[in-house]
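Comments concern the structure below.
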Number of protein chains: 2
Amino acid sequence: MRGKTGEKPARSRRCIGEARFRNGLCSARARKTFATTPEPEYLRCDLYFLSTSQRNFDGCDLCGLGFRPDYRSLFRLTERAFFFMDKNRGTLYGLSVGPGDPELMTLKAVKILKQCPVAAVPVTHRGNTLALDIARKIVDFSDKELLLLPFEMTRDKEKLRLNHEAQAARVAERLALGRDVAFLTLGDVSVFSTFSYVAGILKEKGYAVTMIPGVTSFCASACALGISLTEMQRPLHIIPAGFYSAREALALPGAKVLMKAGSQFPEVRRAVLESGREAFAAVDCGLESEALYETLEDMPEKPGYFTTVIVKEKP
Amino acid sequence: MRGKTGEKPARSRRCIGEARFRNGLCSARARKTFATTPEPEYLRCDLYFLSTSQRNFDGCDLCGLGFRPDYRSLFRLTERAFFFMDKNRGTLYGLSVGPGDPELMTLKAVKILKQCPVAAVPVTHRGNTLALDIARKIVDFSDKELLLLPFEMTRDKEKLRLNHEAQAARVAERLALGRDVAFLTLGDVSVFSTFSYVAGILKEKGYAVTMIPGVTSFCASACALGISLTEMQRPLHIIPAGFYSAREALALPGAKVLMKAGSQFPEVRRAVLESGREAFAAVDCGLESEALYETLEDMPEKPGYFTTVIVKEKP
């Protein structure tokens with residue numbers, strides 16, 4: 001079925017989403033489309049009757065460049081909507097490679113990474129590209145453009161913003177050429193990843209962004225240790241180093257995961273031993289240098305950056 | 001290199017772990033072996049000098065049936081230890097199939113599931129086998145024995161214990177025959193999974209247990225919604241329905257994930273709307289019936305069992 005009154009969009013556009021509505025109500029599928037479709041350049045509706053928003057739409061081809069309809073009111077009075085984007089623009093994938101063991105990549109991450117001509121890879125100031133090293137053991141990168149992104153480690157918010165803008169601009173150059181970009185992230189892309197900053201900037205510029213979830217370091221650590229992270233009906237707290245004092249963290253009900261606990265390890269260990277609680281640790285889980293500990297007692301004072309401490313509720 | 005004084009173990013035993021020590025210190029690799037090797041039936045050491053534990057070991061073949069050395073003191077005085085288990089026993093795998101989309105299974109989960117002749121599958125009282133339905137789209141089950149495990153949903157602890165014992169016994173029957181068993185779990189096996197109870201019982205009986213991590217429902221929900229779960233340096237709280245009141249949960253610093261929030265949805269929604277915070281929801285993430293919501297406002301009163309609500313810190 002074609003739109004009854006809408007013009008065909010220009011050939012240079014590609015449909016990036018379609019939402020269907022029933023009796024003026026938004027279906028679950030349509031909601032999903034609204035939630036996940038990036039800001040389109042162009043939007044066409046079937047049977048668009050009347051606007052309830054402040055904006056006064058006057059036709060069916062609602063969305064030329066620079067025009068932004070109010071989707072939430074739009075879907076109440078539309079039967080079907082199509083979203084279009086410049087055909088020549090690539091998609092940015094936030095691609096989780098998991099915690100370290102290459103076999104913990106998902107089928108989806110491998111499939112999409114294989115299809116992307118560009119891989120964007122965060123690189124530390126020492127030149128480490130851990131996410132790339134992991135993915136390389138599964139996927140052939142010889143035909144891919146490698147875009148190394150040197151993210152700054154600073155608490156200066158203005159410096160950080162400028163750094164993120166600069167890296168986003170480099171990614172945008174590739175997307176503008178119609179090249180899909182896989183942005184590799186350690187663990188899962190929705191948990192403590194720099195990806196969200198770059199994605200936010202690029203979404204605002206109208207680029208399509210898709211996130212591919214992965215295995216988190218804390219799940220992999222628990223599995224390597226052979227323990228459950230949670231007790232039934234009890235909460236689980238994922239705590240980045242330094243947010244709470246170790247004592248405050250231990251006072252929370254349920255299980256606690258202290259992420260990147262290497263820097264404050266002596267304090268963490270002291271608090272855990274004083275509390276008498278059962279605690280486990282994994283250093284560099286899934287990597288060659290992996291070390292697992294059933295107790296914090298005889299761990300080194302500085303166990304390394306990727307130290308995950310798991311504190312159980314019961315002693 | 002063979003052990004200098006140890007006898008060769010009987011032929012019916014297979015080596016399930018090897019730990020090496022240096023200058024009386026436990027290496028990271030040895031620690032891992034101690035943490036992940038199940039209780040062996042038999043243990044052989046190279047150069048075992050003297051026991052520091054209460055137990056008085058008298059030789060190199062330390063571990064006959066029913067004998068349990070104190071590993072932590074053992075490794076201080078040993079150069080190398082080998083762990084042996086009855087060759088004819090199978091391994092139990094806690095196999096995470098992810099949240100719903102079959103392509104979110106990891107390469108490792110697919111590989112191991114293909115190798116296991118038995119698949120143990122939790123089944124609800126309505127006969128649903130969701131984890132199996134997901135894995136079936138990727139792996140052929142026609143040659144596998146399907147072991148359906150009807151877990152009871154009750155708060156009666158004694159009933160639960162008996163139920164877990166009964167299911168564990170059925171799994172043990174297969175392991176005792178030397179058949180590896182893949183216990184399929186939704187999401188990640190270390191997070192709110194019945195697996196831990198069954199695994200605990202079987203570990204005590206001396207069976208080898210290995211956990212294969214997977215993608216959690218909350219990471220997949222965040223990715224489907226195109227949002228980050230966390231803010232940098234701020235905590236993330238994973239809260240099962242009913243542990244906190246909705247208001248208490250919202251008062252925690254950082255981001256909150258309310259798991260299986262369907263049952264208390266009206267209360268959750270009221271609290272979220274009153275707080276003015278930004279909240280998202282995913283129902284049946286990755287399944288056919290998936291629905292995503294950018295706001296809780298116009299969700300149904302009873303959105304379904306697998307409803308994940310994500311509450312961000314900033315309004």
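We name chains A, B, ... following the order of the structure tokens; residues begin at 1 in each chain, and ligands are numbered from 1 as shown.
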Counting only C-alpha atoms, what is within 10 Å of Ala222 of chain B, bar same-chain residues fewer than 4 positions away, as a compact mmCIF listing (two decimals) with N, CA and C atoms, in the first residue's frame?
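Resulting contents of part29.txt:
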# COMPACT_ATOMS: atom_id res chain seq x y z
N VAL A 189 27.77 -1.73 25.86
CA VAL A 189 27.83 -0.32 25.43
C VAL A 189 26.95 0.60 26.28
N SER A 190 25.97 0.04 27.00
CA SER A 190 25.09 0.91 27.79
C SER A 190 25.61 1.13 29.20
N VAL A 191 26.71 0.46 29.57
CA VAL A 191 27.23 0.54 30.93
C VAL A 191 28.62 1.19 30.95
N MET A 211 22.49 0.46 18.98
CA MET A 211 23.36 -0.12 20.02
C MET A 211 23.20 -1.64 20.07
N ILE A 212 24.30 -2.34 20.07
CA ILE A 212 24.30 -3.81 20.14
C ILE A 212 24.82 -4.21 21.52
N PRO A 213 23.94 -4.81 22.36
CA PRO A 213 24.36 -5.10 23.73
C PRO A 213 25.38 -6.23 23.80
N SER B 217 18.92 -8.74 30.50
CA SER B 217 17.74 -8.06 29.94
C SER B 217 17.86 -6.55 30.10
N PHE B 218 18.50 -6.09 31.18
CA PHE B 218 18.55 -4.63 31.36
C PHE B 218 19.50 -3.97 30.37
N GLY B 226 17.99 2.77 22.92
CA GLY B 226 19.00 3.73 22.45
C GLY B 226 19.50 4.64 23.54
N ILE B 227 19.52 4.17 24.79
CA ILE B 227 19.98 5.02 25.88
C ILE B 227 21.11 4.34 26.65
N SER B 228 21.87 5.16 27.36
CA SER B 228 22.89 4.64 28.25
C SER B 228 22.23 4.33 29.60
N LEU B 229 22.63 3.21 30.22
CA LEU B 229 22.08 2.89 31.54
C LEU B 229 22.67 3.78 32.61
N THR B 230 23.93 4.14 32.43
CA THR B 230 24.68 4.80 33.51
C THR B 230 25.11 6.20 33.10
N VAL B 257 17.31 0.35 37.74
CA VAL B 257 16.59 -0.58 36.86
C VAL B 257 15.62 -1.35 37.74
N PHE B 280 12.14 5.16 31.24
CA PHE B 280 11.91 4.41 30.02
C PHE B 280 11.44 3.01 30.42
N ALA B 281 10.82 2.31 29.49
CA ALA B 281 10.44 0.94 29.81
C ALA B 281 10.55 0.06 28.57
N ALA B 282 10.90 -1.19 28.81
CA ALA B 282 10.90 -2.20 27.75
C ALA B 282 10.10 -3.39 28.26
N CYS B 285 11.62 -7.52 25.96
CA CYS B 285 12.70 -7.06 25.07
C CYS B 285 13.27 -8.20 24.22
N LEU B 292 8.50 -0.86 23.44
CA LEU B 292 9.44 0.07 24.07
C LEU B 292 8.72 1.38 24.35
N THR B 308 10.80 -4.09 32.18
CA THR B 308 11.98 -3.48 32.78
C THR B 308 11.83 -1.97 32.71
N VAL B 309 11.83 -1.32 33.88
CA VAL B 309 11.73 0.13 33.92
C VAL B 309 13.11 0.70 34.24
N ILE B 310 13.55 1.65 33.45
CA ILE B 310 14.85 2.29 33.67
C ILE B 310 14.61 3.74 34.05
Shell around Asp188 of chain B at 12 Å using only C-alpha atoms, local window under 5 positions removed, as a ChimeraX atom specification: /A:104,214-223,228-230 /B:94-100,104-106,109,131,183,193-196,211-220
Residues of segment 40-284 of chain A in strand (DSSP E), written as a ChimeraX atom specification: /A:42-46,80-86,91-96,118-123,145-150,181-185,208-212,236-240,255-259,279-283
Residues near Tyr197 of chain B, cut-off 12 Å, only C-alpha atoms, skip fewer than 4 positions along chain, as an NGL selection string: (:A and (227-228 or 230-232)) or (:B and (94 or 151 or 160-168 or 189-190 or 192-193 or 201-204))
DSSP alpha helix (DSSP H) residues within segment 75-201 of chain B, listed as JSON, numbers by chain: {"B": [107, 108, 109, 110, 111, 112, 113, 114, 115, 130, 131, 132, 133, 134, 135, 136, 157, 158, 159, 160, 161, 162, 163, 164, 165, 166, 167, 168, 169, 170, 171, 172, 173, 174, 175, 176, 195, 196, 197, 198, 199, 200, 201]}
Atomic separation - atom CA of Leu184 of chain B relative to atom CA of Ala172 of chain B, Å: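 Separation of atom CA of Ala172 of chain B and atom CA of Leu184 of chain B: 15.6 Å.
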Test item: residues at most 10 Å from Arg174 of chain B, only C-alpha atoms, excluding those fewer than 3 positions along its chain, as a ChimeraX atom specification: /B:89-92,117-118,145,147,169-171,177-181
Nearest candidate to Val139 of chain A (options A:Gln115, A:Ser263, A:Ser289, A:Gln233; using only C-alpha atoms):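 With only C-alpha atoms as the atom set, the closest residue is A:Gln115.
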